[in-house]
Amino acid sequence: MIRRLIWHRRDLRIRDNELYQTNEEVKKIYSIFIFNPQDYHPQSTGISNDDKSEQLYGVTNGPHFTSRLLHAVHSLKRNLQSMGGDLLVRTGNPVDIIPQITKELQIDEVVWSETPGYYEYVQSEKMKKKLLEEVQCNIYTTCSLTLAHPKDLPTDQIVWQTLARPKEKRKKKKSKATKQQLSNNNQAVETINYFGVTATTTNISPSRFVGMPQIMGDFRRVARNAVIRDLYNAPNPLHIGIIPEDMDIGAIPPLQSLTQPLLESTRPILGCLPKEIIEQLVKCATDNRPDYSSIDIEEQSHQHLQNFIHHHAATADRALCDVSDNNSSMLSMPLALGILSPQQVYHYIKQHQEKMASPDDINWLISHMEMRDFFIYDSLRNGPAAYQLVPMKQPVHKADDKREWLPLSQHQDGFIRWASGKTGLPMVDAGMRELITTGYTSNRVRQNMASVLTKDLKLDWRLGAEFFQLCLADHCVAANYGNWAYFAGVGGDSKSRHFRTVSQSNRYDPEGRYVRKWIKQLQDVKEVEAILRPWDFMADWGVPIVPPTTQITWNDKEKLERSGRISIFILHDEDVLSSQSS
Ligand SMILES: Cc1cc2nc3c(=O)[nH]c(=O)nc-3n(C[C@H](O)[C@H](O)[C@H](O)COP(=O)(O)OP(=O)(O)OC[C@H]3O[C@@H](n4cnc5c(N)ncnc54)[C@H](O)[C@@H]3O)c2cc1C
């Protein structure tokens, strides 16, 4: 009879969790979640303020993310209790704690799911070494965070290239063969036998992904060859181990204790962030904290997924600045914490598409899962390089690796205005206030924020990534750093787009409702044009951080010169909007 210990990381769910699958041997399963203080105390980010003298400090888990994480851990605990078990909770370094618990519970095998991020990869490697060499315990790892499982992706460079570019005639024949290779390539799995114990681990080391295409489209073409795994059954309650009475189950720490180190930090976060921003972040995360003790966030996420797919996915306009009215799935947080698996999203869509008149209308959600996979695998492939100023050895856009990135010391005021939502650019400032208050803002607004910091202020893009890591409730280090590098023009398949935020507002917030929702100073402004260009209408608006002309497309500039306005809308009162032309 095997006694298994599940080390929960970013897989905070009971349903569709491979680690709860048992066979005739595995009879008792115990579960643990560990709060590592290192994730809540300011740590060096590896970014220097200027000429390598002063390192900047940031945190791994920001207040909004931590609040959602706590909710998920409370739900996981209650779901295990409902099956007669419980969740062991500890605070400390997992590499020290897991071996202790393994001895206390006489565990035969420790299992966990890999998560993106190089720091997380190193932690996992240290855990393997410690358990094998010092505890003599079997190990099994998987990766339940991606839609395509690493074991189902090529290991051979030729296979990657052949499937990425199937049209290249010569290789066509090969592709058939390689599909066969796909199903049982052993390099994706590492097996180590060590004095009678075995480690069977999913290989997510950077070298495992050599040959993976840099271009997102190519990667997705390959990943579509991988068979999406079926959902795993719910755990059998009979196999859920009962924690011995004399063993301390451990208490889930309160939000306040996990955000205190940030508030008490003597070092300014990211070199210069005003204390008010930190205090506001912590206050908003605390005020918006859901009732952890009653709401089952796993069940809630399932209901949300079903409701969104049934009623909204086919008509959702994800390009808008304000997607809060079901114009986006809001699945990023449950996916980042592993409360939901991408397979659950995928299979639910497939099920639902069968009954739909136009099933393709919701395919976008599957393609977003693939996009997410690209950033996760790109992060695994890059390893520590993902956090360098120019991650890719040969970035796609040659020009961008020659770009000058200003260190913080040369533009502190700019960074503080950007992070405080005081750039004077309405949409970006609205986005920053939404982000600090809720931990979320739409993809459209994130892109515009990234563009202002990297293309207009020319600041080190990693400052933006670290600030988003501090603020986002759906923080995923791969998606965050990946998208920042992507829009900064230094990542794989990077885009060198300069977003013109005024024209973007005109297009993706045409009535100015998003800006009026988040910027009090503009909430009662009737003239939509004044919401787009307040500096031309309001004496007390102040001077934007960059010349406004840099934020307007030449097309809109022509319109402005011709008619004195960009927007076709005028607001008469709260709901009545008339267009200039009518
Ligand atoms: C600078 C920047 C930083 C970002 N940081 C994060 C982050 O830390 N965590 C995160 O989950 N997403 C991040 N994104 C991607 C994207 O903005 C969010 O996933 C999306 O806005 C979440 O809203 P949603 O769940 O309603 O998305 P939907 O549009 O409904 O998409 C569904 C799912 O697809 C995935 N997805 C969608 N767009 C992307 C994308 N561009 N990259 C990766 N996955 C995507 C997400 O898991 C999302 O939940 C970032 C984007 C930018 C431009």
# chains A, B, ... in the order shown; residues from 1 in each chain; ligands from 1
call {"tool": "residues_near_ligand", "arguments": {"ligand": "ligand 1", "cutoff": "7 Å", "atoms": "only C-alpha atoms and all ligand atoms", "output": "tab-separated table (two decimals) with N, CA, C and O atoms, in the first residue's frame"}}
result
chain	number	residue	atom	x	y	z
A	318	ARG	N	-13.70	41.00	-26.91
A	318	ARG	CA	-12.54	41.05	-26.01
A	318	ARG	C	-11.63	42.23	-26.31
A	318	ARG	O	-10.74	42.52	-25.55
A	328	SER	N	-15.34	39.32	-21.78
A	328	SER	CA	-14.12	38.53	-21.71
A	328	SER	C	-14.39	37.42	-20.70
A	328	SER	O	-15.30	37.55	-19.87
A	329	SER	N	-13.67	36.33	-20.73
A	329	SER	CA	-14.05	35.15	-19.94
A	329	SER	C	-13.72	35.29	-18.46
A	329	SER	O	-14.30	34.60	-17.63
A	330	MET	N	-12.81	36.17	-18.09
A	330	MET	CA	-12.36	36.28	-16.68
A	330	MET	C	-11.91	34.91	-16.15
A	330	MET	O	-12.14	34.58	-14.99
A	331	LEU	N	-11.28	34.13	-17.00
A	331	LEU	CA	-10.79	32.81	-16.56
A	331	LEU	C	-9.33	32.87	-16.14
A	331	LEU	O	-8.77	31.89	-15.65
A	332	SER	N	-8.68	34.03	-16.31
A	332	SER	CA	-7.23	34.08	-16.10
A	332	SER	C	-6.83	33.76	-14.66
A	332	SER	O	-5.85	33.06	-14.43
A	333	MET	N	-7.62	34.25	-13.70
A	333	MET	CA	-7.24	33.99	-12.31
A	333	MET	C	-7.41	32.51	-11.95
A	333	MET	O	-6.45	31.89	-11.48
A	335	LEU	N	-7.32	30.02	-13.87
A	335	LEU	CA	-6.32	29.25	-14.61
A	335	LEU	C	-4.92	29.46	-14.02
A	335	LEU	O	-4.13	28.53	-13.91
A	336	ALA	N	-4.61	30.69	-13.60
A	336	ALA	CA	-3.28	30.97	-13.04
A	336	ALA	C	-3.07	30.20	-11.73
A	336	ALA	O	-1.96	29.76	-11.43
A	365	LEU	N	-11.74	31.02	-27.64
A	365	LEU	CA	-11.31	30.69	-26.27
A	365	LEU	C	-10.26	29.58	-26.31
A	365	LEU	O	-9.30	29.60	-25.54
A	368	HIS	N	-7.06	31.11	-27.39
A	368	HIS	CA	-6.42	31.83	-26.28
A	368	HIS	C	-5.70	30.87	-25.34
A	368	HIS	O	-4.66	31.19	-24.77
A	369	MET	N	-6.26	29.65	-25.19
A	369	MET	CA	-5.57	28.64	-24.37
A	369	MET	C	-4.23	28.27	-25.03
A	369	MET	O	-3.23	28.05	-24.36
A	371	MET	N	-2.50	30.29	-26.96
A	371	MET	CA	-1.61	31.45	-26.80
A	371	MET	C	-0.97	31.38	-25.41
A	371	MET	O	0.23	31.57	-25.24
A	372	ARG	N	-1.80	31.03	-24.45
A	372	ARG	CA	-1.31	30.89	-23.07
A	372	ARG	C	-0.22	29.83	-23.00
A	372	ARG	O	0.83	30.02	-22.39
A	375	PHE	N	3.19	31.09	-24.25
A	375	PHE	CA	3.96	31.90	-23.30
A	375	PHE	C	4.52	31.03	-22.17
A	375	PHE	O	5.64	31.26	-21.70
A	441	THR	N	-7.21	44.22	-15.19
A	441	THR	CA	-7.61	45.13	-16.26
A	441	THR	C	-7.55	44.34	-17.56
A	441	THR	O	-6.89	43.31	-17.62
A	442	SER	N	-8.23	44.82	-18.59
A	442	SER	CA	-8.37	44.02	-19.81
A	442	SER	C	-7.05	43.92	-20.58
A	442	SER	O	-6.12	44.71	-20.35
A	443	ASN	N	-7.00	42.97	-21.50
A	443	ASN	CA	-5.81	42.80	-22.33
A	443	ASN	C	-5.53	44.07	-23.14
A	443	ASN	O	-4.39	44.50	-23.25
A	446	ARG	N	-3.91	46.51	-20.86
A	446	ARG	CA	-2.56	46.08	-20.48
A	446	ARG	C	-1.58	46.40	-21.61
A	446	ARG	O	-0.46	46.87	-21.38
A	447	GLN	N	-2.03	46.15	-22.85
A	447	GLN	CA	-1.14	46.41	-23.99
A	447	GLN	C	-0.80	47.90	-24.08
A	447	GLN	O	0.34	48.28	-24.33
A	450	ALA	N	1.65	48.87	-21.41
A	450	ALA	CA	3.00	48.39	-21.75
A	450	ALA	C	3.62	49.28	-22.82
A	450	ALA	O	4.81	49.61	-22.77
A	465	ALA	N	6.82	44.68	-15.92
A	465	ALA	CA	6.46	43.29	-15.59
A	465	ALA	C	6.45	43.10	-14.08
A	465	ALA	O	5.53	42.48	-13.52
A	468	PHE	N	3.36	44.81	-12.64
A	468	PHE	CA	2.16	44.00	-12.88
A	468	PHE	C	2.16	42.78	-11.93
A	468	PHE	O	1.12	42.39	-11.41
A	469	GLN	N	3.34	42.22	-11.69
A	469	GLN	CA	3.42	41.07	-10.76
A	469	GLN	C	2.94	41.49	-9.37
A	469	GLN	O	2.30	40.73	-8.67
A	472	LEU	N	-1.33	42.25	-10.21
A	472	LEU	CA	-2.31	41.39	-10.87
A	472	LEU	C	-2.84	40.27	-9.96
A	472	LEU	O	-2.07	39.58	-9.30
A	474	ASP	N	-4.40	37.78	-11.39
A	474	ASP	CA	-4.25	36.59	-12.25
A	474	ASP	C	-2.79	36.38	-12.64
A	474	ASP	O	-2.48	35.81	-13.67
A	475	HIS	N	-1.86	36.88	-11.76
A	475	HIS	CA	-0.45	36.85	-12.17
A	475	HIS	C	0.04	35.45	-12.50
A	475	HIS	O	-0.13	34.50	-11.74
A	476	CYS	N	0.59	35.34	-13.70
A	476	CYS	CA	1.29	34.12	-14.13
A	476	CYS	C	2.62	34.61	-14.71
A	476	CYS	O	2.62	35.39	-15.68
A	477	VAL	N	3.73	34.20	-14.10
A	477	VAL	CA	5.02	34.80	-14.47
A	477	VAL	C	5.31	34.61	-15.97
A	477	VAL	O	5.87	35.49	-16.62
A	479	ALA	N	2.98	34.32	-18.54
A	479	ALA	CA	2.13	35.20	-19.34
A	479	ALA	C	2.54	36.65	-19.14
A	479	ALA	O	2.59	37.44	-20.09
A	480	ASN	N	2.90	37.01	-17.92
A	480	ASN	CA	3.24	38.40	-17.63
A	480	ASN	C	4.55	38.79	-18.30
A	480	ASN	O	4.58	39.67	-19.18
A	481	TYR	N	5.64	38.12	-17.94
A	481	TYR	CA	6.93	38.47	-18.56
A	481	TYR	C	6.89	38.23	-20.07
A	481	TYR	O	7.44	39.00	-20.85
A	483	ASN	N	4.28	38.45	-22.19
A	483	ASN	CA	3.57	39.51	-22.89
A	483	ASN	C	4.34	40.83	-22.84
A	483	ASN	O	4.35	41.58	-23.83
A	484	TRP	N	4.99	41.11	-21.71
A	484	TRP	CA	5.78	42.35	-21.66
A	484	TRP	C	6.91	42.30	-22.68
A	484	TRP	O	7.12	43.25	-23.45
call {"tool": "residues_around", "arguments": {"residues": "region 116-118 of chain A", "least_positions_apart": "2", "cutoff": "12 Å", "atoms": "only C-alpha atoms", "output": "ChimeraX atom specification"}}
result
/A:9-11,60,113-114,120-125,143-146,204-206,336-338,372-387,475-482
call {"tool": "residues_around", "arguments": {"residues": "region 347-353 of chain A", "least_positions_apart": "3", "cutoff": "12 Å", "atoms": "only C-alpha atoms", "output": "compact mmCIF listing (two decimals) with N, CA and C atoms, in the first residue's frame"}}
result
# COMPACT_ATOMS: atom_id res chain seq x y z
N ASP A 16 -10.37 16.99 -11.98
CA ASP A 16 -9.41 16.94 -13.08
C ASP A 16 -7.98 17.20 -12.59
N LEU A 147 -2.48 23.38 -21.74
CA LEU A 147 -3.49 22.63 -22.49
C LEU A 147 -2.84 21.39 -23.11
N VAL A 227 -2.65 15.48 -28.68
CA VAL A 227 -4.01 15.13 -28.30
C VAL A 227 -4.30 15.74 -26.93
N ILE A 228 -5.38 16.48 -26.83
CA ILE A 228 -5.71 17.08 -25.53
C ILE A 228 -6.24 15.99 -24.61
N ARG A 229 -5.63 15.86 -23.45
CA ARG A 229 -5.94 14.75 -22.55
C ARG A 229 -7.37 14.83 -22.04
N ASP A 230 -7.94 13.66 -21.80
CA ASP A 230 -9.29 13.61 -21.21
C ASP A 230 -9.21 14.07 -19.76
N LEU A 231 -10.36 14.40 -19.23
CA LEU A 231 -10.39 14.87 -17.84
C LEU A 231 -10.20 13.69 -16.89
N TYR A 232 -9.55 13.95 -15.79
CA TYR A 232 -9.35 12.92 -14.77
C TYR A 232 -10.59 12.84 -13.88
N HIS A 302 -16.30 26.81 -11.95
CA HIS A 302 -16.97 25.93 -12.92
C HIS A 302 -18.27 26.56 -13.38
N GLN A 303 -19.03 27.06 -12.44
CA GLN A 303 -20.32 27.67 -12.81
C GLN A 303 -20.08 28.89 -13.71
N HIS A 304 -19.03 29.65 -13.38
CA HIS A 304 -18.72 30.83 -14.20
C HIS A 304 -18.35 30.40 -15.62
N LEU A 305 -17.51 29.35 -15.72
CA LEU A 305 -17.08 28.85 -17.04
C LEU A 305 -18.29 28.45 -17.87
N GLN A 306 -19.18 27.67 -17.24
CA GLN A 306 -20.36 27.19 -17.97
C GLN A 306 -21.26 28.36 -18.40
N ASN A 307 -21.47 29.28 -17.47
CA ASN A 307 -22.34 30.42 -17.78
C ASN A 307 -21.75 31.26 -18.91
N PHE A 308 -20.43 31.49 -18.85
CA PHE A 308 -19.81 32.33 -19.88
C PHE A 308 -19.90 31.68 -21.25
N ILE A 309 -19.62 30.37 -21.29
CA ILE A 309 -19.63 29.68 -22.58
C ILE A 309 -21.06 29.59 -23.12
N HIS A 310 -22.01 29.32 -22.25
CA HIS A 310 -23.40 29.19 -22.69
C HIS A 310 -23.95 30.51 -23.19
N HIS A 311 -23.67 31.60 -22.47
CA HIS A 311 -24.42 32.85 -22.69
C HIS A 311 -23.62 34.00 -23.27
N ALA A 313 -19.78 33.78 -24.56
CA ALA A 313 -18.54 33.60 -25.32
C ALA A 313 -18.72 33.93 -26.80
N ALA A 314 -19.87 33.57 -27.35
CA ALA A 314 -20.06 33.75 -28.79
C ALA A 314 -20.17 35.22 -29.19
N LEU A 340 -9.02 25.90 -12.09
CA LEU A 340 -9.55 25.26 -13.29
C LEU A 340 -8.36 24.81 -14.13
N SER A 341 -8.54 23.71 -14.87
CA SER A 341 -7.47 23.30 -15.78
C SER A 341 -7.83 23.74 -17.19
N PRO A 342 -6.84 24.00 -18.04
CA PRO A 342 -7.18 24.35 -19.44
C PRO A 342 -7.93 23.23 -20.14
N GLN A 343 -7.70 21.98 -19.68
CA GLN A 343 -8.45 20.85 -20.27
C GLN A 343 -9.94 20.96 -19.94
N GLN A 344 -10.25 21.41 -18.73
CA GLN A 344 -11.67 21.57 -18.37
C GLN A 344 -12.32 22.61 -19.27
N MET A 356 -24.15 23.97 -30.70
CA MET A 356 -24.27 25.36 -31.16
C MET A 356 -24.58 25.46 -32.65
N ALA A 357 -25.30 26.52 -33.03
CA ALA A 357 -25.58 26.77 -34.45
C ALA A 357 -24.28 27.12 -35.16
N SER A 358 -23.51 28.03 -34.57
CA SER A 358 -22.20 28.36 -35.18
C SER A 358 -21.10 28.13 -34.17
N PRO A 359 -20.65 26.88 -34.08
CA PRO A 359 -19.66 26.48 -33.07
C PRO A 359 -18.36 27.29 -33.14
N ASP A 360 -17.99 27.77 -34.33
CA ASP A 360 -16.71 28.49 -34.44
C ASP A 360 -16.70 29.78 -33.64
N ASP A 361 -17.90 30.26 -33.28
CA ASP A 361 -17.97 31.54 -32.57
C ASP A 361 -17.24 31.52 -31.23
N ILE A 362 -17.05 30.32 -30.68
CA ILE A 362 -16.37 30.29 -29.37
C ILE A 362 -14.99 29.64 -29.46
N ASN A 363 -14.55 29.42 -30.71
CA ASN A 363 -13.21 28.82 -30.89
C ASN A 363 -12.12 29.73 -30.33
N TRP A 364 -12.40 31.03 -30.29
CA TRP A 364 -11.38 31.99 -29.84
C TRP A 364 -10.84 31.62 -28.46
N LEU A 365 -11.74 31.02 -27.64
CA LEU A 365 -11.31 30.69 -26.27
C LEU A 365 -10.26 29.58 -26.31
N ILE A 366 -10.40 28.64 -27.22
CA ILE A 366 -9.39 27.58 -27.35
C ILE A 366 -8.10 28.19 -27.89
N SER A 367 -8.21 29.11 -28.83
CA SER A 367 -6.97 29.70 -29.36
C SER A 367 -6.29 30.55 -28.28
N MET A 369 -6.26 29.65 -25.19
CA MET A 369 -5.57 28.64 -24.37
C MET A 369 -4.23 28.27 -25.03
call {"tool": "residues_around", "arguments": {"residues": "region 219-224 of chain A", "least_positions_apart": "2", "cutoff": "7 Å", "atoms": "only C-alpha atoms", "output": "VMD selection string"}}
result
chain A and resid 148 153 160 163 to 164 212 to 213 215 to 217 226 370 374
call {"tool": "write_last_selection", "arguments": {"atoms": "C-alpha atoms", "output": "mmCIF file, in the first residue's frame"}}
result
data_model
loop_
_atom_site.group_PDB
_atom_site.id
_atom_site.type_symbol
_atom_site.label_atom_id
_atom_site.label_comp_id
_atom_site.auth_asym_id
_atom_site.auth_seq_id
_atom_site.Cartn_x
_atom_site.Cartn_y
_atom_site.Cartn_z
ATOM 1 C CA ALA A 148 -0.970 20.474 -24.365
ATOM 2 C CA LEU A 153 5.025 17.742 -27.457
ATOM 3 C CA TRP A 160 9.267 20.587 -34.165
ATOM 4 C CA LEU A 163 5.139 20.134 -37.748
ATOM 5 C CA ALA A 164 5.670 23.904 -37.509
ATOM 6 C CA MET A 212 10.636 24.763 -30.094
ATOM 7 C CA PRO A 213 9.576 27.452 -32.611
ATOM 8 C CA ILE A 215 7.040 32.200 -33.530
ATOM 9 C CA MET A 216 3.707 31.763 -31.713
ATOM 10 C CA GLY A 217 1.883 30.684 -34.878
ATOM 11 C CA ALA A 226 -0.918 16.971 -29.450
ATOM 12 C CA GLU A 370 -3.014 27.901 -27.082
ATOM 13 C CA PHE A 374 2.987 29.426 -26.010
#
call {"tool": "residues_around", "arguments": {"residues": "Glu134 (chain A)", "least_positions_apart": "6", "cutoff": "12 Å", "atoms": "only C-alpha atoms", "output": "ChimeraX atom specification"}}
result
/A:95-96,98-100,102-103,126-128,194-195,197
call {"tool": "write_last_selection", "arguments": {"atoms": "N, CA and C atoms", "output": "mmCIF file, in the first residue's frame"}}
result
data_model
loop_
_atom_site.group_PDB
_atom_site.id
_atom_site.type_symbol
_atom_site.label_atom_id
_atom_site.label_comp_id
_atom_site.auth_asym_id
_atom_site.auth_seq_id
_atom_site.Cartn_x
_atom_site.Cartn_y
_atom_site.Cartn_z
ATOM 1 N N VAL A 95 11.290 23.011 0.506
ATOM 2 C CA VAL A 95 12.380 22.023 0.395
ATOM 3 C C VAL A 95 12.804 21.521 1.780
ATOM 4 N N ASP A 96 12.496 22.279 2.818
ATOM 5 C CA ASP A 96 12.761 21.815 4.200
ATOM 6 C C ASP A 96 11.537 21.089 4.753
ATOM 7 N N ILE A 98 8.675 19.606 3.200
ATOM 8 C CA ILE A 98 8.166 18.360 2.596
ATOM 9 C C ILE A 98 8.918 17.132 3.118
ATOM 10 N N PRO A 99 10.266 17.152 3.190
ATOM 11 C CA PRO A 99 10.974 15.982 3.735
ATOM 12 C C PRO A 99 10.531 15.664 5.174
ATOM 13 N N GLN A 100 10.303 16.695 5.982
ATOM 14 C CA GLN A 100 9.847 16.469 7.374
ATOM 15 C C GLN A 100 8.493 15.741 7.370
ATOM 16 N N THR A 102 7.143 14.077 5.051
ATOM 17 C CA THR A 102 7.289 12.744 4.443
ATOM 18 C C THR A 102 7.657 11.721 5.515
ATOM 19 N N LYS A 103 8.548 12.150 6.408
ATOM 20 C CA LYS A 103 8.951 11.229 7.494
ATOM 21 C C LYS A 103 7.786 11.064 8.481
ATOM 22 N N LYS A 126 15.540 21.291 -6.622
ATOM 23 C CA LYS A 126 16.110 21.123 -5.259
ATOM 24 C C LYS A 126 15.289 20.089 -4.478
ATOM 25 N N MET A 127 13.975 20.140 -4.659
ATOM 26 C CA MET A 127 13.091 19.205 -3.939
ATOM 27 C C MET A 127 13.387 17.771 -4.366
ATOM 28 N N LYS A 128 13.564 17.580 -5.696
ATOM 29 C CA LYS A 128 13.845 16.220 -6.196
ATOM 30 C C LYS A 128 15.121 15.690 -5.537
ATOM 31 N N TYR A 194 17.364 5.472 -7.721
ATOM 32 C CA TYR A 194 18.386 5.889 -6.755
ATOM 33 C C TYR A 194 18.234 5.035 -5.505
ATOM 34 N N PHE A 195 19.094 4.081 -5.382
ATOM 35 C CA PHE A 195 19.058 3.233 -4.196
ATOM 36 C C PHE A 195 17.638 2.786 -3.862
ATOM 37 N N VAL A 197 14.740 3.802 -4.857
ATOM 38 C CA VAL A 197 13.582 4.683 -5.057
ATOM 39 C C VAL A 197 13.660 5.250 -6.469
#
call {"tool": "atom_distance", "arguments": {"atom1": "CA of Ile107 (chain A)", "atom2": "CA of Arg3 (chain A)"}}
result
5.0 Å
call {"tool": "select_by_dssp", "arguments": {"residues": "region 129-247 of chain A", "states": "strand (DSSP E or B)", "output": "JSON, numbers by chain"}}
result
{"A": [138, 139, 140, 141, 142, 189, 190, 191, 192, 193, 194, 197, 198, 199, 200, 201, 202, 240]}
call {"tool": "residues_around", "arguments": {"residues": "Leu457 (chain A)", "least_positions_apart": "2", "cutoff": "12 Å", "atoms": "only C-alpha atoms", "output": "MDAnalysis selection string"}}
result
chainID A and resid 404:408 410:418 423 449:455 459:461 463:464 488 498 544:547 550
call {"tool": "atom_distance", "arguments": {"atom1": "CA of Cys471 (chain A)", "atom2": "CA of Ser505 (chain A)"}}
result
22.5 Å
call {"tool": "select_by_dssp", "arguments": {"residues": "region 37-174 of chain A", "states": "alpha helix (DSSP H)", "output": "number ranges by chain"}}
result
A: 63-81, 94-104, 118-130, 157-164, 169-174
call {"tool": "write_last_selection", "arguments": {"atoms": "C-alpha atoms", "output": "compact mmCIF listing (two decimals), in the first residue's frame"}}
result
# COMPACT_ATOMS: atom_id res chain seq x y z
CA PRO A 63 -1.85 41.49 -2.40
CA HIS A 64 -4.62 40.78 -4.96
CA PHE A 65 -3.03 37.52 -6.09
CA THR A 66 -2.47 36.47 -2.47
CA SER A 67 -6.11 37.13 -1.62
CA ARG A 68 -7.27 34.86 -4.47
CA LEU A 69 -4.68 32.25 -3.54
CA LEU A 70 -5.96 32.20 0.07
CA HIS A 71 -9.50 31.75 -1.17
CA ALA A 72 -8.42 28.80 -3.31
CA VAL A 73 -6.52 27.19 -0.42
CA HIS A 74 -9.54 27.56 1.88
CA SER A 75 -11.76 25.95 -0.78
CA LEU A 76 -9.31 23.09 -1.36
CA LYS A 77 -9.19 22.44 2.40
CA ARG A 78 -12.99 22.37 2.67
CA ASN A 79 -13.30 20.04 -0.34
CA LEU A 80 -10.78 17.63 1.20
CA GLN A 81 -12.63 17.81 4.54
CA PRO A 94 8.99 23.69 0.94
CA VAL A 95 12.38 22.02 0.40
CA ASP A 96 12.76 21.81 4.20
CA ILE A 97 9.12 21.10 5.10
CA ILE A 98 8.17 18.36 2.60
CA PRO A 99 10.97 15.98 3.73
CA GLN A 100 9.85 16.47 7.37
CA ILE A 101 6.19 15.72 6.56
CA THR A 102 7.29 12.74 4.44
CA LYS A 103 8.95 11.23 7.49
CA GLU A 104 6.09 12.13 9.87
CA TYR A 118 12.64 29.67 -13.40
CA TYR A 119 12.64 30.24 -9.63
CA GLU A 120 9.86 27.62 -9.38
CA TYR A 121 11.84 25.23 -11.64
CA VAL A 122 14.96 25.53 -9.45
CA GLN A 123 12.83 24.92 -6.35
CA SER A 124 11.43 21.76 -7.93
CA GLU A 125 14.93 20.50 -8.84
CA LYS A 126 16.11 21.12 -5.26
CA MET A 127 13.09 19.21 -3.94
CA LYS A 128 13.84 16.22 -6.20
CA LYS A 129 17.47 16.13 -5.02
CA LYS A 130 16.54 16.42 -1.33
CA GLN A 157 14.13 19.55 -33.39
CA ILE A 158 13.28 18.10 -36.81
CA VAL A 159 9.86 17.09 -35.57
CA TRP A 160 9.27 20.59 -34.17
CA GLN A 161 10.27 22.16 -37.50
CA THR A 162 8.37 19.64 -39.63
CA LEU A 163 5.14 20.13 -37.75
CA ALA A 164 5.67 23.90 -37.51
CA LYS A 169 7.30 19.62 -49.18
CA ARG A 170 10.26 17.43 -48.36
CA LYS A 171 9.32 17.11 -44.78
CA LYS A 172 5.68 16.35 -45.46
CA LYS A 173 6.19 12.56 -45.52
CA LYS A 174 8.07 12.75 -42.24
call {"tool": "atom_distance", "arguments": {"atom1": "CA of Val345 (chain A)", "atom2": "CA of Thr315 (chain A)"}}
result
17.4 Å
call {"tool": "closest_residue", "arguments": {"among": "A:Lys283, A:Leu270, A:Asn327, A:Glu109", "to": "Ser44 (chain A)", "atoms": "only C-alpha atoms"}}
result
A:Leu270
call {"tool": "closest_residue", "arguments": {"among": "A:Val515, A:Leu281, A:Val428, A:Ala485", "to": "Arg500 (chain A)", "atoms": "only C-alpha atoms"}}
result
A:Val428
call {"tool": "residues_around", "arguments": {"residues": "Leu262 (chain A)", "least_positions_apart": "5", "cutoff": "8 Å", "atoms": "only C-alpha atoms", "output": "VMD selection string"}}
result
chain A and resid 40 to 42 59 278
call {"tool": "closest_atom_pairs", "arguments": {"of": "region 240-285 of chain A", "to": "region 25-29 of chain A", "cutoff": "12 Å", "atoms": "only C-alpha atoms", "output": "Markdown table"}}
result
| residue | atom | partner | partner_atom | distance |
| --- | --- | --- | --- | --- |
| A:Ile240 | CA | A:Ile29 | CA | 4.9 |
| A:Gly241 | CA | A:Lys28 | CA | 4.8 |
| A:Ile242 | CA | A:Lys28 | CA | 8.4 |
| A:Ile243 | CA | A:Ile29 | CA | 10.0 |
call {"tool": "closest_residue", "arguments": {"among": "A:Thr198, A:Met83, A:Ala319, A:Lys458", "to": "Val135 (chain A)", "atoms": "only C-alpha atoms"}}
result
A:Thr198
